[in-house]
Amino acid sequence: MQRRSTQGVVFVHACPKALCQHVEWALERVVGAPVSLSWAEQPAAHGSYRAEVAWTGAPGTGARLVAALRAWPMLRFEVTEEASHGNDGERMSYVPGQGVFRAPTSANGDIMISEQQLRHLAATATSIEAFRHGVDELLGASWDADLEVYRHAGDGTPVTWLHQVV
């Protein structure tokens with residue numbers, strides 16, 4: 001039987017120096033292979049470091065990576081997982097104090113909002129402003145607002161590849 005595979009990227013946007021090695025070990029436990037990231041100073045957060053790593057593995061690996069990284073509530077990170085046979089793509093973001101935002105994504109990375117989510121929002125919103133706020137919640141706008149400065153600070157950073165042991 002052929003194993004299904006997908007890929008994605010882990011973006012560690014802000015990590016205290018003392019936790020960098022621990023983050024690598026957590027990623028190693030998920031993918032079952034040694035991990036050595038190229039850490040760079042994060043100019044958007046003094047004393048923090050950032051790294052990006054692309055990964056390949058079984059569907060659901062992205063969620064397992066998020067679960068491993070949530071052990072440190074001071075991290076800021078995102079994990080993407082591309083669509084695979086029978087599975088939508090996903091984007092999961094973590095911001096201290098807000099927790100995890102998780103949403104399905106299209107082939108080009110846009111967040112997808114379902115018909116039922118929109119119908120529920122339209123039926124329960126008490127004003128146009130409440131509807132707008134609800135759409136922002138469905139899109140993870142507060143996570144994006146927090147992470148945007150960290151994302152731009154990492155433009156042009158090299159990406160390492162992780163391959164899950166199967």
# chains A, B, ... in the order shown; residues from 1 in each chain; ligands from 1
>>> residues_around(residues="Val30 of chain A", least_positions_apart="3", cutoff="12 Å", atoms="only C-alpha atoms", output="PyMOL selection string")
chain A and resi 23-27+33-35+55-58+60-69+162-166
>>> write_last_selection(atoms="N, CA, C and O atoms", output="mmCIF file, in the first residue's frame")
data_model
loop_
_atom_site.group_PDB
_atom_site.id
_atom_site.type_symbol
_atom_site.label_atom_id
_atom_site.label_comp_id
_atom_site.auth_asym_id
_atom_site.auth_seq_id
_atom_site.Cartn_x
_atom_site.Cartn_y
_atom_site.Cartn_z
ATOM 1 N N VAL A 23 12.828 23.796 20.478
ATOM 2 C CA VAL A 23 11.940 23.788 19.313
ATOM 3 C C VAL A 23 12.428 22.749 18.302
ATOM 4 O O VAL A 23 11.627 21.972 17.762
ATOM 5 N N GLU A 24 13.720 22.716 18.051
ATOM 6 C CA GLU A 24 14.271 21.712 17.130
ATOM 7 C C GLU A 24 13.975 20.298 17.623
ATOM 8 O O GLU A 24 13.573 19.437 16.845
ATOM 9 N N TRP A 25 14.148 20.056 18.914
ATOM 10 C CA TRP A 25 13.881 18.726 19.467
ATOM 11 C C TRP A 25 12.401 18.363 19.318
ATOM 12 O O TRP A 25 12.075 17.210 19.023
ATOM 13 N N ALA A 26 11.522 19.328 19.528
ATOM 14 C CA ALA A 26 10.082 19.066 19.390
ATOM 15 C C ALA A 26 9.744 18.700 17.944
ATOM 16 O O ALA A 26 8.967 17.768 17.704
ATOM 17 N N LEU A 27 10.327 19.409 16.993
ATOM 18 C CA LEU A 27 10.092 19.094 15.586
ATOM 19 C C LEU A 27 10.640 17.709 15.253
ATOM 20 O O LEU A 27 10.024 16.945 14.503
ATOM 21 N N ALA A 33 13.132 12.529 12.616
ATOM 22 C CA ALA A 33 14.443 12.700 11.968
ATOM 23 C C ALA A 33 15.139 13.897 12.600
ATOM 24 O O ALA A 33 14.487 14.789 13.139
ATOM 25 N N PRO A 34 16.473 13.937 12.527
ATOM 26 C CA PRO A 34 17.202 15.086 13.086
ATOM 27 C C PRO A 34 16.787 16.405 12.425
ATOM 28 O O PRO A 34 16.514 16.448 11.229
ATOM 29 N N VAL A 35 16.731 17.460 13.243
ATOM 30 C CA VAL A 35 16.356 18.787 12.752
ATOM 31 C C VAL A 35 17.404 19.785 13.208
ATOM 32 O O VAL A 35 17.757 19.831 14.384
ATOM 33 N N TRP A 55 8.573 20.973 5.318
ATOM 34 C CA TRP A 55 8.488 19.587 5.756
ATOM 35 C C TRP A 55 7.668 18.756 4.774
ATOM 36 O O TRP A 55 6.849 19.283 4.038
ATOM 37 N N THR A 56 7.912 17.464 4.778
ATOM 38 C CA THR A 56 7.069 16.504 4.069
ATOM 39 C C THR A 56 6.699 15.422 5.078
ATOM 40 O O THR A 56 7.482 15.108 5.977
ATOM 41 N N GLY A 57 5.501 14.882 4.937
ATOM 42 C CA GLY A 57 5.045 13.846 5.853
ATOM 43 C C GLY A 57 3.633 13.428 5.538
ATOM 44 O O GLY A 57 3.045 13.860 4.543
ATOM 45 N N ALA A 58 3.082 12.639 6.401
ATOM 46 C CA ALA A 58 1.720 12.151 6.237
ATOM 47 C C ALA A 58 0.728 13.286 6.504
ATOM 48 O O ALA A 58 1.038 14.219 7.253
ATOM 49 N N GLY A 60 -1.898 15.416 8.275
ATOM 50 C CA GLY A 60 -2.051 15.589 9.713
ATOM 51 C C GLY A 60 -0.764 15.958 10.427
ATOM 52 O O GLY A 60 -0.785 16.320 11.601
ATOM 53 N N THR A 61 0.358 15.890 9.717
ATOM 54 C CA THR A 61 1.647 16.252 10.330
ATOM 55 C C THR A 61 1.632 17.709 10.788
ATOM 56 O O THR A 61 2.184 18.035 11.839
ATOM 57 N N GLY A 62 1.008 18.582 10.027
ATOM 58 C CA GLY A 62 0.942 20.002 10.402
ATOM 59 C C GLY A 62 0.325 20.187 11.778
ATOM 60 O O GLY A 62 0.856 20.923 12.617
ATOM 61 N N ALA A 63 -0.784 19.510 12.031
ATOM 62 C CA ALA A 63 -1.443 19.624 13.334
ATOM 63 C C ALA A 63 -0.557 19.063 14.444
ATOM 64 O O ALA A 63 -0.522 19.620 15.554
ATOM 65 N N ARG A 64 0.179 17.992 14.157
ATOM 66 C CA ARG A 64 1.088 17.430 15.164
ATOM 67 C C ARG A 64 2.248 18.399 15.456
ATOM 68 O O ARG A 64 2.710 18.503 16.590
ATOM 69 N N LEU A 65 2.712 19.102 14.442
ATOM 70 C CA LEU A 65 3.765 20.102 14.651
ATOM 71 C C LEU A 65 3.248 21.242 15.527
ATOM 72 O O LEU A 65 3.948 21.706 16.438
ATOM 73 N N VAL A 66 2.026 21.693 15.272
ATOM 74 C CA VAL A 66 1.427 22.755 16.098
ATOM 75 C C VAL A 66 1.309 22.288 17.545
ATOM 76 O O VAL A 66 1.666 23.025 18.475
ATOM 77 N N ALA A 67 0.811 21.081 17.748
ATOM 78 C CA ALA A 67 0.661 20.552 19.110
ATOM 79 C C ALA A 67 2.005 20.524 19.836
ATOM 80 O O ALA A 67 2.078 20.851 21.023
ATOM 81 N N ALA A 68 3.066 20.165 19.133
ATOM 82 C CA ALA A 68 4.395 20.126 19.751
ATOM 83 C C ALA A 68 4.891 21.523 20.114
ATOM 84 O O ALA A 68 5.460 21.725 21.187
ATOM 85 N N LEU A 69 4.659 22.501 19.238
ATOM 86 C CA LEU A 69 5.155 23.858 19.483
ATOM 87 C C LEU A 69 4.342 24.616 20.537
ATOM 88 O O LEU A 69 4.844 25.548 21.156
ATOM 89 N N LEU A 162 12.574 19.367 5.983
ATOM 90 C CA LEU A 162 12.454 18.215 6.878
ATOM 91 C C LEU A 162 11.690 17.131 6.137
ATOM 92 O O LEU A 162 10.712 17.415 5.465
ATOM 93 N N HIS A 163 12.093 15.903 6.294
ATOM 94 C CA HIS A 163 11.379 14.770 5.693
ATOM 95 C C HIS A 163 11.009 13.811 6.791
ATOM 96 O O HIS A 163 11.902 13.333 7.519
ATOM 97 N N GLN A 164 9.731 13.531 6.916
ATOM 98 C CA GLN A 164 9.265 12.627 7.949
ATOM 99 C C GLN A 164 9.726 11.210 7.648
ATOM 100 O O GLN A 164 9.689 10.750 6.516
ATOM 101 N N VAL A 165 10.153 10.530 8.695
ATOM 102 C CA VAL A 165 10.566 9.136 8.575
ATOM 103 C C VAL A 165 9.308 8.286 8.505
ATOM 104 O O VAL A 165 8.417 8.421 9.337
ATOM 105 N N VAL A 166 9.191 7.453 7.468
ATOM 106 C CA VAL A 166 7.993 6.601 7.326
ATOM 107 C C VAL A 166 8.363 5.140 7.373
ATOM 108 O O VAL A 166 9.430 4.720 7.140
#
>>> residues_around(residues="segment 137-151 of chain A", least_positions_apart="2", cutoff="7 Å", atoms="only C-alpha atoms", output="list in words")
His13, Ala44, Ser93, Val95, Phe101, Ile111, Ile113, His133, Gly134, Val135, Ala153, Gly154 and Asp155 of chain A
>>> write_last_selection(atoms="C-alpha atoms", output="PDB file, in the first residue's frame")
ATOM      1  CA  HIS A  13       8.368  33.909  13.873  1.00  0.00           C
ATOM      2  CA  ALA A  44      10.568  42.739  15.226  1.00  0.00           C
ATOM      3  CA  SER A  93      -1.273  30.225  13.511  1.00  0.00           C
ATOM      4  CA  VAL A  95      -0.066  33.992  18.998  1.00  0.00           C
ATOM      5  CA  PHE A 101      -6.230  29.808  14.744  1.00  0.00           C
ATOM      6  CA  ILE A 111      -8.455  30.790   3.794  1.00  0.00           C
ATOM      7  CA  ILE A 113     -14.955  29.948   4.607  1.00  0.00           C
ATOM      8  CA  HIS A 133     -16.454  41.377  12.859  1.00  0.00           C
ATOM      9  CA  GLY A 134     -17.647  37.799  12.340  1.00  0.00           C
ATOM     10  CA  VAL A 135     -15.965  37.620   8.927  1.00  0.00           C
ATOM     11  CA  ALA A 153      10.963  40.774   9.160  1.00  0.00           C
ATOM     12  CA  GLY A 154      11.709  37.298   7.782  1.00  0.00           C
ATOM     13  CA  ASP A 155      11.427  38.029   4.057  1.00  0.00           C
TER      14      ASP A 155
END
>>> residues_around(residues="Val10 of chain A", least_positions_apart="5", cutoff="6 Å", atoms="only C-alpha atoms", output="NGL selection string")
:A and (52-53 or 78-79)
>>> closest_residue(among="A:Met74, A:Met112, A:Val12, A:Ala18", to="Arg91 of chain A", atoms="only C-alpha atoms")
A:Met112
>>> select_by_dssp(residues="chain A", states="strand (DSSP E)", output="count of residues only")
47
>>> closest_residue(among="A:Leu118, A:Asp136, A:Gly32, A:Cys15", to="Phe77 of chain A", atoms="only C-alpha atoms")
A:Cys15
>>> residues_around(residues="Gly99 of chain A", least_positions_apart="5", cutoff="9 Å", atoms="only C-alpha atoms", output="list in words")
Arg70, Pro73, Ser93 and Tyr94 of chain A
>>> atom_distance(atom1="atom CA of Val9 of chain A", atom2="atom CA of Ala54 of chain A")
4.1 Å
>>> closest_residue(among="A:Ala83, A:Ala14, A:Ile128, A:Leu75", to="Ala45 of chain A", atoms="only C-alpha atoms")
A:Ala14
>>> residues_around(residues="His85 of chain A", least_positions_apart="6", cutoff="12 Å", atoms="only C-alpha atoms", output="PyMOL selection string")
chain A and resi 3-6+58-59
>>> write_last_selection(atoms="C-alpha atoms", output="PDB file, in the first residue's frame")
ATOM      1  CA  ARG A   3       1.527   5.969   1.885  1.00  0.00           C
ATOM      2  CA  ARG A   4      -0.082   9.331   1.304  1.00  0.00           C
ATOM      3  CA  SER A   5       2.171  12.322   1.674  1.00  0.00           C
ATOM      4  CA  THR A   6       1.869  16.075   1.848  1.00  0.00           C
ATOM      5  CA  ALA A  58       1.720  12.151   6.237  1.00  0.00           C
ATOM      6  CA  PRO A  59      -1.492  14.201   6.222  1.00  0.00           C
TER       7      PRO A  59
END
>>> atom_distance(atom1="atom CA of Phe11 of chain A", atom2="atom CA of Ser114 of chain A")
26.0 Å
>>> atom_distance(atom1="atom CA of Trp39 of chain A", atom2="atom CA of Pro96 of chain A")
20.3 Å
